[in-house]
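Below is one structure, written out as structure tokens, with a few remarks after it.
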Amino acid sequence: DLEERKAIFGLLGDVYVTAEGGPDVAEQAIAAHARGAAVVPLMRTGGASSGMFGFPDAALQKLDCCTEELWSLLKSTDVSLDESAAAAAAIVALHIGAFSSKKKKSSQAASEDVPVPPDTAKRVILDPKSAESLRSIKWRFGETGGASVLRLGSHFPRDSSDLAVGDLLSHINGVCVLDMPRAEIQAAWRKEQHRLPRFYLDFAAEVAAAH
């Protein structure tokens with residue numbers, strides 16, 4: 001379905017370059033800009049890329065990663081098309097570099113900001129990129145909330161942890177899940193498992209009662 005493909009296209013990229021275009025290009029630019037993606041419009045080409053058909057005004061404004069001079073080359077007809085195209089490529093490269101650097105710093109900072117919570121007896125660190133690692137702990141969920149270790153799978157790193165059956169999960173990446181209902185614990189798990197380079201699970205000092 002063409003309409004579905006166009007909608008999906010507007011949700012995939014981190015940066016979009018537009019040239020000319022009509023209402024469809026304007027719609028995709030609106031969707032991309034609304035979710036925080038960068039839009040680099042070759043304004044000199046006219047059409048949607050110059051602000052027509054409801055193209056978002058904010059997407060015509062200079063990105064933080066580049067200079068006014070470089071951005072002006074997207075609009076100017078006093079320079080060659082090659083220069084405008086080279087400017088667009090340079091802006092994309094600058095944006096990707098700035099985005100990657102920011103994301104790396106954010107991940108590093110977040111990783112360093114997961115202190116061991118009070119009353120923690122054990123901490124387990126898993127690899128969020130490994131499905132086997134994430135599935136290596138099987139859980140027992142309490143009727144009134146909370147989760148404890150039901151069993152440890154063959155891929156659990158036993159040599160680096162003394163985690164045992166019955167240990168009570170208290171935090172996921174610093175988020176307290178004690179006494180949370182099962183659905184909320186599972187939601188926290190899904191939300192946190194790819195947020196940091198490592199996946200931190202903390203366990204309370206007391207041993208969970210059997211359910």
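FYI, nothing fancy with the structure tokens labels: chains A, B, ... in order, residues from 1 per chain, ligands from 1 as they appear.
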
**OP:** For A:Val25, work out the shell of residues within 8 Å, counting only C-alpha atoms and skipping chain neighbours fewer than 4 positions away, then give it as an MDAnalysis selection string.
**Re:** chainID A and resid 18 21 29 48:49 55

Using C-alpha atoms, can you export the residues from the last selection as a compact mmCIF listing (two decimals), in the first residue's frame?
```txt
# COMPACT_ATOMS: atom_id res chain seq x y z
CA THR A 18 14.31 16.95 0.60
CA GLY A 21 8.36 17.91 -3.82
CA ALA A 29 8.60 16.27 6.51
CA ALA A 48 7.60 21.71 -0.71
CA SER A 49 11.30 22.09 0.08
CA PHE A 55 5.99 22.12 4.77
```

Once DSSP has gone over the backbone, tell me which residues of stretch 7-200 of chain A are in helix (DSSP H, G or I), as an mmCIF file with C-alpha atoms, in the first residue's frame.
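Below you can see out.cif, which holds the result:
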```cif
data_model
loop_
_atom_site.group_PDB
_atom_site.id
_atom_site.type_symbol
_atom_site.label_atom_id
_atom_site.label_comp_id
_atom_site.auth_asym_id
_atom_site.auth_seq_id
_atom_site.Cartn_x
_atom_site.Cartn_y
_atom_site.Cartn_z
ATOM 1 C CA ALA A 7 3.807 6.856 6.389
ATOM 2 C CA ILE A 8 6.378 4.270 7.458
ATOM 3 C CA PHE A 9 9.152 6.055 5.518
ATOM 4 C CA PRO A 23 2.116 17.597 -0.659
ATOM 5 C CA ASP A 24 3.524 14.088 -0.067
ATOM 6 C CA VAL A 25 7.005 15.428 0.684
ATOM 7 C CA ALA A 26 5.489 18.071 2.967
ATOM 8 C CA GLU A 27 3.527 15.402 4.861
ATOM 9 C CA GLN A 28 6.610 13.246 5.356
ATOM 10 C CA ALA A 29 8.599 16.270 6.512
ATOM 11 C CA ILE A 30 5.864 17.111 9.017
ATOM 12 C CA ALA A 31 5.887 13.545 10.392
ATOM 13 C CA ALA A 32 9.684 13.388 10.562
ATOM 14 C CA HIS A 33 10.078 16.796 12.192
ATOM 15 C CA ALA A 34 7.278 16.116 14.685
ATOM 16 C CA MET A 43 15.178 25.200 -0.489
ATOM 17 C CA ARG A 44 16.515 26.487 -3.804
ATOM 18 C CA THR A 45 14.729 23.647 -5.628
ATOM 19 C CA GLY A 47 8.095 23.172 -4.144
ATOM 20 C CA ALA A 48 7.601 21.711 -0.705
ATOM 21 C CA SER A 49 11.299 22.092 0.084
ATOM 22 C CA SER A 50 10.938 25.872 -0.163
ATOM 23 C CA ASP A 57 8.367 26.310 8.945
ATOM 24 C CA ALA A 58 10.523 25.012 11.773
ATOM 25 C CA ALA A 59 12.153 22.523 9.369
ATOM 26 C CA LEU A 60 13.350 25.443 7.237
ATOM 27 C CA GLU A 68 24.453 30.078 9.042
ATOM 28 C CA GLU A 69 26.796 30.245 6.056
ATOM 29 C CA LEU A 70 26.562 26.535 5.369
ATOM 30 C CA TRP A 71 22.771 26.506 5.790
ATOM 31 C CA SER A 72 22.396 29.465 3.416
ATOM 32 C CA LEU A 81 23.894 23.009 -7.568
ATOM 33 C CA ASP A 82 27.001 21.003 -6.738
ATOM 34 C CA GLU A 83 27.828 23.437 -3.932
ATOM 35 C CA SER A 84 24.306 23.240 -2.544
ATOM 36 C CA ALA A 85 24.388 19.444 -2.702
ATOM 37 C CA ALA A 86 27.781 19.384 -1.005
ATOM 38 C CA ALA A 87 26.412 21.658 1.727
ATOM 39 C CA ALA A 88 23.477 19.296 2.296
ATOM 40 C CA ALA A 89 25.861 16.329 2.557
ATOM 41 C CA ALA A 90 28.071 18.243 4.995
ATOM 42 C CA ILE A 91 25.081 19.151 7.168
ATOM 43 C CA VAL A 92 23.936 15.535 7.251
ATOM 44 C CA ALA A 93 27.433 14.423 8.296
ATOM 45 C CA LEU A 94 27.593 17.103 10.996
ATOM 46 C CA HIS A 95 24.177 16.150 12.329
ATOM 47 C CA ILE A 96 24.981 12.431 12.450
ATOM 48 C CA GLY A 97 28.290 13.154 14.174
ATOM 49 C CA ALA A 98 26.646 15.412 16.753
ATOM 50 C CA PHE A 99 23.779 12.958 17.279
ATOM 51 C CA SER A 100 26.133 9.989 17.755
ATOM 52 C CA SER A 101 28.347 11.921 20.157
ATOM 53 C CA LYS A 102 25.367 13.076 22.210
ATOM 54 C CA LYS A 103 23.916 9.566 22.333
ATOM 55 C CA LYS A 104 27.261 8.083 23.420
ATOM 56 C CA LYS A 105 27.741 10.675 26.156
ATOM 57 C CA SER A 106 24.173 10.170 27.320
ATOM 58 C CA SER A 107 24.649 6.400 27.531
ATOM 59 C CA GLN A 108 27.957 6.764 29.368
ATOM 60 C CA ALA A 109 26.490 9.246 31.811
ATOM 61 C CA ALA A 110 23.431 7.106 32.384
ATOM 62 C CA SER A 111 25.622 4.045 32.924
ATOM 63 C CA GLU A 112 27.610 5.907 35.563
ATOM 64 C CA ALA A 131 18.717 -12.372 24.083
ATOM 65 C CA GLU A 132 20.195 -15.450 25.783
ATOM 66 C CA SER A 133 21.570 -13.295 28.590
ATOM 67 C CA LEU A 134 18.251 -11.502 29.108
ATOM 68 C CA ARG A 158 27.215 -18.032 37.489
ATOM 69 C CA ASP A 159 30.944 -17.362 37.732
ATOM 70 C CA SER A 160 30.307 -13.627 38.254
ATOM 71 C CA ARG A 182 3.625 -8.334 37.163
ATOM 72 C CA ALA A 183 2.512 -6.242 34.185
ATOM 73 C CA GLU A 184 4.331 -3.154 35.488
ATOM 74 C CA ILE A 185 7.534 -5.088 36.154
ATOM 75 C CA GLN A 186 7.447 -6.513 32.636
ATOM 76 C CA ALA A 187 6.819 -3.032 31.205
ATOM 77 C CA ALA A 188 9.788 -1.636 33.155
ATOM 78 C CA TRP A 189 11.942 -4.513 31.902
ATOM 79 C CA ARG A 190 11.062 -3.821 28.258
ATOM 80 C CA LYS A 191 11.586 -0.084 28.657
ATOM 81 C CA GLU A 192 14.957 -0.382 30.369
#
```

Subject >> Shell around A:Phe199 at 9 Å using only C-alpha atoms, local window under 3 positions removed, as a list of chain:residue names >> reply: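 Answer for this query is A:Val124, A:Ile125, A:Leu126, A:Asp127, A:Pro128, A:Leu134, A:Ile172, A:Asn173, A:Glu192, A:Gln193, A:His194, A:Arg195, A:Leu196.
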
Subject >> All strand (DSSP E) residues (DSSP, backbone) inside stretch 26-191 of chain A, as a count of residues only >> reply: 31

Original post:
Which is closer to A:Asp119 than all the others in A:Ala204, A:Cys66, A:Val40, A:Leu73, using only C-alpha atoms?
Top reply: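 Residue with the minimum atom-to-atom distance to A:Asp119: A:Ala204.
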
**OP:** For A:Ser154, list every protein, DNA or RNA residue within 7 Å, evaluated using only C-alpha atoms, and leave out those in the same chain fewer than 2 positions away; present the list as a ChimeraX atom specification.
**Re:** /A:136,152,156

Original post:
atom CA of A:Pro117 and atom CA of A:Asp162 are how many Å apart?
Top reply: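 That distance, rounded to one decimal, is 17.9 Å.
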
Original post:
When you draw a straight line from atom CA of A:Lys138 to atom CA of A:Pro197, how long is it in Å?
Top reply: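 According to the coordinates, atom CA of A:Lys138 and atom CA of A:Pro197 are separated by 21.9 Å.
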
Subject >> Separation of atom CA of A:His155 from atom CA of A:Met180, in Å and rounded to one decimal >> reply: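 Going from atom CA of A:His155 over to atom CA of A:Met180 covers 26.5 Å.
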
Original post:
Leaving out A:Ser170 and any residue of its chain fewer than 2 positions from it, which residues lie within 8 Å of it when counting only C-alpha atoms, given as a PyMOL selection string?
Top reply: chain A and resi 120+168+172+176-178+201-204

Original post:
Pick from A:Ala121, A:Met52, A:Val15, A:Leu63: nearest to A:Ala37, with only C-alpha atoms counted?
Top reply: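 Using only C-alpha atoms, the shortest distance to A:Ala37 belongs to A:Val15.
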